[in-house]
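Asks: Sharing entry09.txt below, compact mmCIF, C-alpha atoms:
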# COMPACT_ATOMS: atom_id res chain seq x y z
CA MET A 1 43.17 18.58 -39.04
CA SER A 2 41.66 18.84 -42.44
CA THR A 3 43.43 17.92 -45.65
CA ASN A 4 41.20 20.39 -47.51
CA THR A 5 40.36 17.81 -50.14
CA GLN A 6 36.75 16.93 -50.77
CA LYS A 7 35.77 13.75 -48.97
CA GLN A 8 33.99 11.08 -50.94
CA LEU A 9 30.22 11.18 -50.36
CA VAL A 10 30.19 7.64 -48.96
CA LEU A 11 32.69 8.73 -46.32
CA ILE A 12 30.55 11.78 -45.53
CA LEU A 13 27.55 9.51 -45.07
CA ALA A 14 29.60 7.09 -42.97
CA ARG A 15 30.79 9.94 -40.76
CA ALA A 16 27.22 11.14 -40.25
CA PHE A 17 26.20 7.56 -39.43
CA ALA A 18 29.11 6.99 -37.05
CA SER A 19 28.55 10.29 -35.28
CA ASN A 20 25.15 8.98 -34.18
CA LEU A 21 26.42 5.64 -32.85
CA SER A 22 27.30 4.71 -29.30
CA THR A 23 29.57 2.02 -30.73
CA PRO A 24 33.16 3.23 -31.07
CA THR A 25 33.72 3.66 -34.79
CA LEU A 26 36.70 4.74 -36.87
CA LEU A 27 36.85 5.70 -40.52
CA ALA A 28 39.82 5.36 -42.82
CA ASP A 29 40.03 6.70 -46.34
CA GLU A 30 41.34 4.96 -49.44
CA ARG A 31 44.92 5.99 -48.59
CA GLY A 32 44.66 4.15 -45.27
CA TYR A 33 44.53 7.38 -43.28
CA LEU A 34 42.44 7.67 -40.18
CA VAL A 35 40.02 10.47 -41.11
CA TYR A 36 37.46 10.34 -38.32
CA TYR A 37 36.43 8.63 -35.14
CA ASN A 38 33.28 9.23 -33.16
CA GLU A 39 32.72 10.33 -29.57
CA ALA A 40 32.38 6.77 -28.36
CA ALA A 41 35.80 6.02 -29.84
CA GLU A 42 37.20 9.18 -28.25
CA LEU A 43 36.16 7.79 -24.87
CA ALA A 44 37.75 4.48 -25.77
CA VAL A 45 41.11 5.77 -26.91
CA GLY A 46 41.36 8.72 -24.56
CA ASN A 47 41.91 11.40 -27.21
CA ARG A 48 39.64 13.63 -29.22
CA PHE A 49 39.92 13.17 -32.95
CA ALA A 50 40.56 16.89 -33.35
CA GLU A 51 43.74 16.44 -31.31
CA VAL A 52 44.95 13.55 -33.44
CA GLY A 53 44.02 14.67 -36.94
CA GLU A 54 44.43 12.65 -40.09
CA VAL A 55 47.26 10.14 -39.71
CA PRO A 56 48.04 6.75 -41.24
CA LEU A 57 45.78 4.31 -39.42
CA ASP A 58 48.43 1.60 -39.05
CA GLU A 59 50.85 4.01 -37.41
CA TRP A 60 48.15 5.34 -35.12
CA LEU A 61 47.23 1.82 -34.01
CA ASP A 62 50.88 1.00 -33.29
CA ALA A 63 50.74 3.45 -30.41
CA PHE A 64 48.31 1.14 -28.62
CA ALA A 65 50.78 -1.79 -28.77
CA PRO A 66 48.34 -4.35 -30.20
CA ARG A 67 49.17 -7.90 -29.13
CA THR A 68 47.72 -11.36 -29.09
CA SER A 69 46.09 -13.02 -26.10
CA THR A 70 49.47 -14.61 -25.36
CA GLY A 71 51.20 -11.25 -25.35
CA GLU A 72 52.94 -11.53 -28.72
CA PRO A 73 53.02 -8.31 -30.77
CA LEU A 74 50.24 -8.33 -33.36
CA PRO A 75 51.78 -7.62 -36.77
CA ARG A 76 50.06 -4.94 -38.83
CA GLU A 77 49.13 -7.43 -41.53
CA ASP A 78 47.25 -9.59 -39.00
CA ARG A 79 45.01 -6.75 -37.87
CA PRO A 80 41.43 -6.43 -39.20
CA THR A 81 42.18 -2.89 -40.32
CA TRP A 82 45.02 -4.11 -42.56
CA THR A 83 42.80 -6.80 -44.07
CA ALA A 84 40.04 -4.28 -44.81
CA LEU A 85 42.37 -1.63 -46.24
CA HIS A 86 44.93 -3.72 -48.08
CA ASP A 87 43.16 -6.98 -48.91
CA ARG A 88 39.78 -5.23 -49.13
CA ARG A 89 38.02 -7.95 -47.20
CA PRO A 90 36.09 -7.76 -43.92
CA ALA A 91 37.84 -9.09 -40.86
CA HIS A 92 37.20 -9.52 -37.16
CA LEU A 93 39.63 -10.19 -34.31
CA ARG A 94 39.90 -10.03 -30.54
CA TYR A 95 43.19 -8.70 -29.28
CA THR A 96 44.80 -6.72 -26.50
CA VAL A 97 45.85 -3.09 -26.45
CA THR A 98 47.15 -0.58 -23.99
CA SER A 99 44.98 2.48 -24.18
CA ALA A 100 46.00 6.08 -23.61
CA ASP A 101 45.41 5.83 -19.86
CA GLY A 102 47.99 3.01 -19.66
CA VAL A 103 45.48 0.27 -18.90
CA GLU A 104 45.67 -3.05 -20.74
CA ARG A 105 42.37 -3.97 -22.32
CA GLU A 106 41.01 -6.71 -24.50
CA ILE A 107 39.06 -5.38 -27.47
CA GLU A 108 37.17 -6.93 -30.32
CA VAL A 109 37.45 -5.21 -33.68
CA SER A 110 35.55 -5.57 -36.96
CA ALA A 111 36.72 -3.79 -40.08
CA PHE A 112 34.86 -3.55 -43.37
CA PRO A 113 36.11 -2.23 -46.68
CA ILE A 114 33.69 0.20 -48.32
CA PHE A 115 33.18 0.62 -52.03
CA ALA A 116 31.11 3.33 -53.72
CA HIS A 117 31.14 1.27 -56.89
CA ALA A 118 32.54 -2.20 -57.32
CA ASP A 119 35.74 -0.68 -58.72
CA GLU A 120 35.84 2.35 -56.45
CA PHE A 121 37.40 1.65 -53.08
CA VAL A 122 36.63 4.44 -50.63
CA GLY A 123 38.14 3.24 -47.35
CA ALA A 124 37.12 1.24 -44.30
CA ILE A 125 34.78 1.37 -41.34
CA VAL A 126 36.20 -0.04 -38.13
CA LEU A 127 33.96 -0.85 -35.18
CA PHE A 128 34.88 -1.91 -31.68
CA TRP A 129 32.33 -4.58 -30.95
CA ARG A 130 30.95 -5.38 -27.49
CA ARG A 131 30.15 -2.83 -24.86
CA LEU A 132 33.26 -2.99 -22.76
CA PRO A 133 33.23 -1.83 -19.11
CA TRP A 134 35.79 0.89 -19.73
CA LEU A 135 33.55 2.48 -22.35
CA SER A 136 30.85 3.24 -19.84
CA ALA A 137 33.23 4.88 -17.39
CA MET B 138 29.87 37.61 -70.61
CA ALA B 139 31.62 34.72 -68.86
CA LEU B 140 28.72 32.54 -67.90
CA SER B 141 25.00 32.77 -68.51
CA LEU B 142 22.32 30.37 -67.32
CA LYS B 143 18.68 30.40 -68.39
CA ILE B 144 16.11 28.67 -66.23
CA TRP B 145 13.57 26.56 -68.13
CA GLY B 146 12.17 24.77 -65.08
CA CYS B 147 12.71 25.11 -61.34
CA ARG B 148 9.83 23.22 -59.73
CA GLY B 149 10.14 19.94 -57.84
CA SER B 150 7.98 16.94 -58.67
CA ILE B 151 4.62 17.53 -60.32
CA ARG B 152 3.97 20.86 -61.89
CA GLU B 153 1.52 23.69 -61.54
CA THR B 154 1.58 26.78 -63.71
CA MET B 155 2.31 29.77 -61.53
CA LYS B 156 4.26 32.99 -61.60
CA TYR B 157 7.52 31.22 -60.89
CA GLY B 158 6.82 28.47 -63.36
CA GLY B 159 5.47 24.96 -63.22
CA ASN B 160 8.06 23.09 -65.23
CA THR B 161 10.39 20.78 -63.41
CA SER B 162 14.17 21.19 -63.30
CA CYS B 163 15.94 22.30 -66.46
CA VAL B 164 18.62 24.96 -66.88
CA GLU B 165 20.35 25.94 -70.09
CA VAL B 166 23.95 27.06 -69.91
CA VAL B 167 23.94 29.56 -72.73
CA LEU B 168 26.86 28.99 -75.14
CA GLU B 169 27.69 31.19 -78.07
CA GLY B 170 28.63 28.40 -80.46
CA GLU B 171 26.56 25.71 -82.12
CA THR B 172 26.64 23.45 -79.09
CA ALA B 173 24.03 23.50 -76.34
CA LEU B 174 24.48 22.47 -72.75
CA VAL B 175 21.51 21.59 -70.56
CA LEU B 176 21.31 20.75 -66.89
CA ASP B 177 18.58 18.21 -66.11
CA ALA B 178 15.70 17.01 -68.21
CA GLY B 179 12.61 17.90 -66.24
CA THR B 180 9.59 19.13 -68.17
CA GLY B 181 11.40 22.41 -68.81
CA ILE B 182 13.47 20.60 -71.44
CA ARG B 183 10.42 20.21 -73.68
CA PRO B 184 10.08 23.92 -74.57
CA LEU B 185 13.87 24.22 -74.59
CA GLY B 186 14.02 21.39 -77.12
CA LEU B 187 11.63 23.26 -79.38
CA GLU B 188 13.80 26.35 -79.07
CA LEU B 189 16.98 24.37 -79.85
CA ALA B 190 15.26 22.90 -82.90
CA ARG B 191 14.33 26.41 -84.00
CA ARG B 192 17.94 27.52 -83.57
CA GLY B 193 19.13 24.51 -85.57
CA THR B 194 21.41 23.27 -82.80
CA ARG B 195 22.95 19.94 -83.83
CA HIS B 196 25.10 19.01 -80.84
CA ILE B 197 23.58 18.96 -77.37
CA HIS B 198 25.02 17.93 -74.02
CA VAL B 199 22.51 17.02 -71.33
CA PHE B 200 23.90 16.73 -67.81
CA LEU B 201 21.58 14.88 -65.43
CA THR B 202 21.95 15.27 -61.68
CA HIS B 203 19.95 12.10 -61.11
CA LEU B 204 17.14 10.06 -62.54
CA HIS B 205 14.23 10.91 -60.28
CA LEU B 206 11.27 11.47 -62.54
CA ASP B 207 11.09 15.25 -62.11
CA HIS B 208 14.61 15.50 -63.57
CA LEU B 209 14.07 13.05 -66.42
CA GLU B 210 10.42 13.17 -67.43
CA GLY B 211 10.97 15.76 -70.17
CA LEU B 212 13.68 13.81 -71.97
CA ARG B 213 11.22 11.63 -73.87
CA PHE B 214 9.61 14.76 -75.26
CA PHE B 215 12.88 16.52 -76.12
CA ALA B 216 12.44 17.34 -79.79
CA PRO B 217 16.13 17.02 -80.78
CA LEU B 218 16.06 13.33 -79.83
CA TRP B 219 13.66 12.78 -82.69
CA ASP B 220 15.90 14.43 -85.27
CA PRO B 221 18.40 12.10 -87.02
CA GLY B 222 20.70 15.05 -87.69
CA VAL B 223 21.29 15.77 -84.02
CA THR B 224 23.83 14.31 -81.60
CA VAL B 225 22.77 14.22 -77.96
CA GLU B 226 25.37 13.40 -75.34
CA ILE B 227 23.84 12.42 -72.02
CA TRP B 228 26.01 12.71 -68.93
CA GLY B 229 24.79 11.46 -65.58
CA PRO B 230 25.23 9.19 -62.60
CA ARG B 231 25.69 5.51 -62.85
CA SER B 232 24.33 3.63 -59.86
CA PRO B 233 26.60 1.41 -57.78
CA VAL B 234 25.66 -1.48 -60.07
CA LEU B 235 24.22 -0.10 -63.32
CA SER B 236 25.56 2.21 -66.01
CA LEU B 237 23.76 5.45 -66.83
CA ARG B 238 22.69 3.98 -70.17
CA ASP B 239 21.11 0.91 -68.60
CA ARG B 240 19.30 3.06 -66.07
CA ILE B 241 17.89 5.46 -68.64
CA LEU B 242 16.81 2.73 -71.02
CA ARG B 243 14.32 1.63 -68.38
CA SER B 244 12.38 4.85 -68.77
CA PHE B 245 12.38 4.53 -72.55
CA SER B 246 10.67 1.16 -72.67
CA PRO B 247 7.20 -0.27 -72.06
CA PRO B 248 5.22 0.02 -69.88
CA LEU B 249 6.60 3.50 -69.10
CA PHE B 250 6.89 4.56 -72.74
CA PRO B 251 5.49 3.07 -75.95
CA LEU B 252 8.77 3.22 -77.85
CA ASP B 253 12.11 1.62 -77.21
CA PHE B 254 15.31 3.64 -76.98
CA ARG B 255 16.61 2.08 -80.23
CA ASP B 256 13.71 3.79 -82.01
CA ILE B 257 15.20 7.21 -81.27
CA PRO B 258 16.60 8.67 -84.49
CA ALA B 259 19.18 11.04 -82.98
CA ARG B 260 22.72 9.86 -82.30
CA VAL B 261 22.90 9.39 -78.53
CA ARG B 262 26.01 8.83 -76.47
CA PHE B 263 26.11 8.17 -72.74
CA HIS B 264 28.80 9.21 -70.28
CA ASP B 265 28.94 7.86 -66.74
CA LEU B 266 29.64 10.37 -63.99
CA PRO B 267 31.33 11.38 -61.79
CA ALA B 268 34.51 11.44 -63.84
CA GLU B 269 37.30 13.88 -64.52
CA PRO B 270 36.11 17.44 -65.27
CA CYS B 271 35.21 17.88 -68.93
CA GLU B 272 35.50 20.95 -71.13
CA ILE B 273 32.79 21.93 -73.59
CA ASP B 274 33.17 25.11 -75.65
CA GLY B 275 35.47 26.64 -73.08
CA LEU B 276 33.21 25.71 -70.18
CA THR B 277 34.56 23.34 -67.55
CA VAL B 278 32.01 21.03 -65.93
CA THR B 279 32.95 19.25 -62.72
CA SER B 280 30.67 16.69 -61.12
CA ASP B 281 30.55 14.96 -57.78
CA ARG B 282 28.09 12.94 -55.75
CA VAL B 283 25.86 14.86 -53.35
CA LEU B 284 23.59 14.04 -50.45
CA HIS B 285 20.23 13.00 -51.88
CA PRO B 286 18.60 9.57 -51.95
CA GLY B 287 20.06 7.38 -54.69
CA ALA B 288 22.92 8.16 -57.03
CA THR B 289 22.82 11.97 -57.37
CA LEU B 290 25.28 14.51 -58.67
CA GLY B 291 25.90 18.21 -58.43
CA PHE B 292 27.74 20.29 -61.01
CA ARG B 293 30.25 23.11 -60.94
CA LEU B 294 30.49 25.24 -64.08
CA GLU B 295 33.49 27.45 -64.72
CA ARG B 296 34.33 29.78 -67.55
CA GLY B 297 36.31 32.97 -67.86
CA GLY B 298 36.81 33.30 -64.12
CA SER B 299 33.09 32.93 -63.34
CA THR B 300 31.64 30.00 -61.45
CA ALA B 301 28.16 28.61 -60.96
CA ALA B 302 27.18 25.60 -58.88
CA TYR B 303 24.03 23.58 -59.53
CA LEU B 304 22.70 21.54 -56.60
CA PRO B 305 18.96 21.32 -57.24
CA ASP B 306 18.29 18.28 -55.04
CA HIS B 307 20.47 18.35 -51.97
CA GLU B 308 20.07 17.82 -48.24
CA PRO B 309 23.49 18.62 -46.79
CA ALA B 310 22.04 19.10 -43.30
CA LEU B 311 21.87 15.31 -42.91
CA ALA B 312 25.64 15.28 -42.51
CA GLY B 313 25.84 18.69 -40.87
CA ILE B 314 26.49 22.19 -42.18
CA ASP B 315 27.41 24.61 -39.39
CA GLY B 316 30.86 23.96 -38.01
CA VAL B 317 31.60 21.17 -40.49
CA PRO B 318 34.97 21.47 -42.25
CA LEU B 319 34.51 22.30 -45.92
CA ASP B 320 36.07 19.03 -47.05
CA TRP B 321 33.42 17.11 -45.08
CA LEU B 322 30.55 19.18 -46.43
CA SER B 323 28.52 17.46 -49.13
CA ALA B 324 29.50 19.02 -52.47
CA GLY B 325 31.68 21.54 -50.65
CA ALA B 326 34.30 21.49 -53.40
CA LEU B 327 31.64 22.01 -56.09
CA ALA B 328 30.01 24.99 -54.44
CA ARG B 329 33.03 26.63 -52.81
CA GLY B 330 33.25 30.31 -53.70
CA ALA B 331 30.67 30.06 -56.48
CA ASP B 332 29.44 33.35 -57.90
CA VAL B 333 25.99 31.82 -58.19
CA LEU B 334 24.70 28.81 -56.30
CA LEU B 335 21.44 27.25 -57.51
CA HIS B 336 20.44 25.23 -54.47
CA ASP B 337 17.54 23.18 -53.26
CA ALA B 338 15.32 25.27 -50.97
CA GLN B 339 12.09 23.35 -51.16
CA TYR B 340 10.80 23.71 -47.63
CA GLY B 341 10.04 26.16 -44.91
CA ASP B 342 11.53 25.26 -41.53
CA ASP B 343 8.30 23.74 -40.21
CA GLU B 344 7.82 21.67 -43.36
CA TYR B 345 11.38 20.38 -43.29
CA SER B 346 11.10 19.04 -39.76
CA ALA B 347 8.51 16.56 -41.00
CA ARG B 348 10.50 15.62 -44.11
CA ILE B 349 14.02 15.03 -42.88
CA GLY B 350 15.73 12.47 -45.06
CA TRP B 351 13.58 13.11 -48.13
CA GLY B 352 16.59 14.64 -49.84
CA HIS B 353 15.62 18.32 -49.90
CA SER B 354 16.56 21.38 -47.90
CA SER B 355 14.83 24.05 -45.91
CA VAL B 356 15.41 27.64 -46.92
CA ALA B 357 17.35 28.15 -43.67
CA ASP B 358 19.67 25.25 -44.48
CA ALA B 359 20.15 26.53 -48.01
CA VAL B 360 21.26 29.89 -46.60
CA SER B 361 23.55 28.19 -44.05
CA TYR B 362 25.05 26.07 -46.80
CA SER B 363 25.58 29.06 -49.05
CA ASP B 364 27.36 30.83 -46.20
CA ALA B 365 29.47 27.76 -45.41
CA VAL B 366 30.77 27.46 -48.98
CA GLY B 367 31.18 31.20 -49.42
CA ALA B 368 28.86 31.49 -52.41
CA ASP B 369 28.16 35.00 -53.53
CA ARG B 370 24.53 34.69 -54.57
CA LEU B 371 22.08 31.97 -53.59
CA VAL B 372 19.29 31.11 -56.02
CA LEU B 373 16.46 29.24 -54.31
CA PHE B 374 15.61 26.27 -56.52
CA HIS B 375 13.36 23.19 -56.68
CA HIS B 376 10.15 24.80 -55.51
CA ASP B 377 7.64 22.62 -53.75
CA PRO B 378 4.71 21.82 -56.07
CA GLN B 379 2.31 22.74 -53.25
CA HIS B 380 3.74 26.23 -52.81
CA SER B 381 1.79 29.10 -54.24
CA ASP B 382 3.51 32.21 -55.53
CA GLY B 383 2.82 33.89 -52.18
CA ALA B 384 4.30 31.00 -50.23
CA LEU B 385 7.43 31.11 -52.40
CA GLU B 386 7.80 34.82 -51.84
CA GLU B 387 7.53 34.29 -48.09
CA LEU B 388 10.36 31.79 -48.33
CA GLU B 389 12.41 34.29 -50.29
CA GLU B 390 11.80 36.88 -47.57
CA ARG B 391 12.86 34.36 -44.96
CA ALA B 392 16.05 33.63 -46.90
CA ARG B 393 16.82 37.32 -47.21
CA ALA B 394 16.23 37.86 -43.49
CA LEU B 395 18.72 35.07 -42.72
CA THR B 396 21.36 36.46 -45.05
CA SER B 397 23.99 38.86 -43.75
CA ALA B 398 23.59 42.44 -44.88
CA ASN B 399 26.98 42.37 -46.58
CA ARG B 400 25.99 39.50 -48.89
CA THR B 401 23.98 39.53 -52.09
CA PRO B 402 20.29 38.84 -51.26
CA PRO B 403 18.99 35.40 -52.27
CA LEU B 404 16.74 35.13 -55.28
CA LEU B 405 13.84 32.83 -56.17
CA ALA B 406 14.47 30.84 -59.33
CA ARG B 407 11.87 31.73 -61.91
CA GLU B 408 11.21 30.20 -65.29
CA GLY B 409 12.51 32.39 -68.08
CA THR B 410 15.08 34.14 -65.90
CA THR B 411 18.61 34.42 -67.24
CA LEU B 412 21.39 34.65 -64.69
CA ASP B 413 24.48 36.40 -65.99
CA VAL B 414 27.48 35.57 -63.86
Would you mind writing the file's structure down as structure tokens?
Replies:
Amino acid sequence: MSTNTQKQLVLILARAFASNLSTPTLLADERGYLVYYNEAAELAVGNRFAEVGEVPLDEWLDAFAPRTSTGEPLPREDRPTWTALHDRRPAHLRYTVTSADGVEREIEVSAFPIFAHADEFVGAIVLFWRRLPWLSA
Amino acid sequence: MALSLKIWGCRGSIRETMKYGGNTSCVEVVLEGETALVLDAGTGIRPLGLELARRGTRHIHVFLTHLHLDHLEGLRFFAPLWDPGVTVEIWGPRSPVLSLRDRILRSFSPPLFPLDFRDIPARVRFHDLPAEPCEIDGLTVTSDRVLHPGATLGFRLERGGSTAAYLPDHEPALAGIDGVPLDWLSAGALARGADVLLHDAQYGDDEYSARIGWGHSSVADAVSYSDAVGADRLVLFHHDPQHSDGALEELEERARALTSANRTPPLLAREGTTLDV
């Protein structure tokens, strides 16, 4: 789903970059909306981006029930995506989710804020690090 | 007349004098008042500067897409800069770390130039872009970043219901054209529905395949882009310095063959041409 507003060039470049990666990659814009994820991420989450459309990233992630290694719910503000989007700092964390196929999986996530200029926050790039077995299925 | 653009230079990089002109990028947006508006400062701005001096123009806006030499090399020889009675406002891209002013000052200092910028007698003001659209003599100028190496802008010009888009150095194919939503298309909002689109069309298809990532477009991609944004007329711009008149005309034929019969045929930019929109 398109918002019909021109995307910032850095996001366009990031989308082109991500679309050529085998690493699952998500993009969020400066509002904190999920605006793109690549084919590798589509395999990971079980949905095509075209089916999901642009939605608030935090809400979208809630659907995967993120939790700590001990099974405690992972608050939004403890997630790398929150740190990148709200604190505008990079962050990395390993945590557990339940993906669209209902299987519990441990994932490792890095999120980076992106700035076109030092005072121009554009959004965040989120990568699922490690090649996990379920990605090659 | 709502909008009129005169081409003073349409060649990329170094120049050769040919039928379509050897001067590098420079387009005058013709205004009726005492203000002049110029797009890019390639070598075409040198003869334009002489013309503006002849007209007695005292207030000039120069909009720079970027600072690659073929878009800036004429500025040092722009006669109005050397007239203390003239005000020149220079609009262009800051880099991620430097202001436009700091970037331009580099080209006005040794060893690239014998004089320092402070030696210029004209009153010069700098404006970092992109910013909010600005209005000059009833003309609205909108800028945005576009796909080309380094900080590069495109411009959308609107007046009296007419629209022109100026994207002289642009390689949108790097991020995709066909099937890409308009909001994800580089400069899509600038070029959308333009009556005239001046667009990079430097290469033939075979040339482009060996130059992907250099920041310029093939004629085929220029036509695809023009279709994607719904531009009415495509003007093929930024001619390769190696292309003879015959080679350019072959590219124009190729562009016309790729263009639907119900659309206005593409046109080669040519020095001295005035485009009335």
Asks: Can you work out the spacing between atom CA of B:Asp265 and atom CA of B:Val278 in Å, to one decimal?
Replies: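 So the two atoms, atom CA of B:Asp265 and atom CA of B:Val278, lie 13.5 Å apart.
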Asks: Please provide the set of residues having any atom within 7 Å of A:Ala91, restricted to all atoms listed in the file, with same-chain residues fewer than 6 positions apart removed, written as a list in words.
Replies: Pro80, Thr83, Ala84, Ser110, Ala111 and Phe112 of chain A
Asks: Find the residues around A:Leu127 up to 9 Å (only C-alpha atoms counted), leave out those fewer than 3 positions away in its own chain, and share them as a short mmCIF file (atom, residue, chain, number, x, y, z; two decimals) with C-alpha atoms, in the frame of the given file.
Replies:
data_model
loop_
_atom_site.label_atom_id
_atom_site.label_comp_id
_atom_site.auth_asym_id
_atom_site.auth_seq_id
_atom_site.Cartn_x
_atom_site.Cartn_y
_atom_site.Cartn_z
CA THR A 23 29.57 2.02 -30.73
CA PRO A 24 33.16 3.23 -31.07
CA THR A 25 33.72 3.66 -34.79
CA LEU A 26 36.70 4.74 -36.87
CA LEU A 27 36.85 5.70 -40.52
CA ALA A 41 35.80 6.02 -29.84
CA GLU A 108 37.17 -6.93 -30.32
CA VAL A 109 37.45 -5.21 -33.68
CA SER A 110 35.55 -5.57 -36.96
CA ALA A 111 36.72 -3.79 -40.08
CA PHE A 112 34.86 -3.55 -43.37
#
Asks: Got a sec: who's within 7 Å of stretch 168-184 of chain B, counting all atoms listed in the file, leaving out chain neighbours fewer than 6 positions off, as JSON, numbers by chain?
Replies: {"B": [145, 146, 160, 161, 162, 194, 195, 196, 197, 198, 199, 200, 201, 202, 207, 208, 209, 210, 211, 212, 214, 215]}
Asks: Selection from above, C-alpha atoms, as a PDB file, in the frame of the given file, can you write it?
Replies:
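And here is the file that came out, part-v3.pdb:
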ATOM      1  CA  TRP B 145      13.570  26.560 -68.130  1.00  0.00           C
ATOM      2  CA  GLY B 146      12.170  24.770 -65.080  1.00  0.00           C
ATOM      3  CA  ASN B 160       8.060  23.090 -65.230  1.00  0.00           C
ATOM      4  CA  THR B 161      10.390  20.780 -63.410  1.00  0.00           C
ATOM      5  CA  SER B 162      14.170  21.190 -63.300  1.00  0.00           C
ATOM      6  CA  THR B 194      21.410  23.270 -82.800  1.00  0.00           C
ATOM      7  CA  ARG B 195      22.950  19.940 -83.830  1.00  0.00           C
ATOM      8  CA  HIS B 196      25.100  19.010 -80.840  1.00  0.00           C
ATOM      9  CA  ILE B 197      23.580  18.960 -77.370  1.00  0.00           C
ATOM     10  CA  HIS B 198      25.020  17.930 -74.020  1.00  0.00           C
ATOM     11  CA  VAL B 199      22.510  17.020 -71.330  1.00  0.00           C
ATOM     12  CA  PHE B 200      23.900  16.730 -67.810  1.00  0.00           C
ATOM     13  CA  LEU B 201      21.580  14.880 -65.430  1.00  0.00           C
ATOM     14  CA  THR B 202      21.950  15.270 -61.680  1.00  0.00           C
ATOM     15  CA  ASP B 207      11.090  15.250 -62.110  1.00  0.00           C
ATOM     16  CA  HIS B 208      14.610  15.500 -63.570  1.00  0.00           C
ATOM     17  CA  LEU B 209      14.070  13.050 -66.420  1.00  0.00           C
ATOM     18  CA  GLU B 210      10.420  13.170 -67.430  1.00  0.00           C
ATOM     19  CA  GLY B 211      10.970  15.760 -70.170  1.00  0.00           C
ATOM     20  CA  LEU B 212      13.680  13.810 -71.970  1.00  0.00           C
ATOM     21  CA  PHE B 214       9.610  14.760 -75.260  1.00  0.00           C
ATOM     22  CA  PHE B 215      12.880  16.520 -76.120  1.00  0.00           C
TER      23      PHE B 215
END
Asks: For A:Arg67, please output as a list in words all residues within 7 Å (counting only C-alpha atoms; exclusion window: fewer than 2 positions along the same chain).
Replies: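 The residues satisfying every condition are Ala65, Ser69, Gly71, Glu72, Pro73, Leu74, Tyr95, Thr96 and Val97 of chain A.
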Asks: Take the selection from the previous step and output its residues with C-alpha atoms, as a tab-separated table (two decimals), in the frame of the given file.
Replies:
chain	number	residue	atom	x	y	z
A	65	ALA	CA	50.78	-1.79	-28.77
A	69	SER	CA	46.09	-13.02	-26.10
A	71	GLY	CA	51.20	-11.25	-25.35
A	72	GLU	CA	52.94	-11.53	-28.72
A	73	PRO	CA	53.02	-8.31	-30.77
A	74	LEU	CA	50.24	-8.33	-33.36
A	95	TYR	CA	43.19	-8.70	-29.28
A	96	THR	CA	44.80	-6.72	-26.50
A	97	VAL	CA	45.85	-3.09	-26.45
Asks: Just the number, please: distance in Å from atom CA of A:Arg94 to atom CA of A:Ala16, one decimal.
Replies: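 If I compute the distance from atom CA of A:Arg94 to atom CA of A:Ala16, I get 26.5 Å.
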Asks: Excluding stretch 368-381 of chain B and its own-chain neighbours fewer than 4 positions away, which residues fall within 8 Å of it when counting all atoms listed in the file? Please give them as an MDAnalysis selection string.
Replies: chainID B and resid 147:153 155 159 161:162 305:306 328:340 356 359:360 363:364 385 389 400:406
Asks: Please report the interatomic distance between atom CA of B:Thr300 and atom CA of B:Val414 in Å with one decimal.
Replies: 7.4 Å
Asks: Can you check which residues of chain B have any atom within 8 Å of chain A? Use all atoms listed in the file and format it as an NGL selection string.
Replies: :B and (232-234 or 282-284 or 311-313 or 318-326)
Asks: Which residue, B:Ala190, B:Leu237, B:Ile227, B:Leu140, has the smallest gap to B:Ser299 when you use all atoms listed in the file?
Replies: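 Answer, going by the shortest atom-to-atom distance: B:Leu140.
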Asks: At a cut-off of 12 Å from (15.2, 16.0, -84.0) in the coordinates of the file, what residues are picked up using all atoms listed in the file, written as JSON, numbers by chain?
Replies: {"B": [186, 187, 188, 189, 190, 191, 192, 193, 194, 195, 196, 197, 213, 214, 215, 216, 217, 218, 219, 220, 221, 222, 223, 224, 225, 257, 258, 259, 260, 261]}
Asks: For B:Pro267, which residue among B:Leu290, B:Val166, B:Ile314, B:Leu185 is the nearest when counting all atoms listed in the file?
Replies: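 Residue with the minimum atom-to-atom distance to B:Pro267: B:Leu290.
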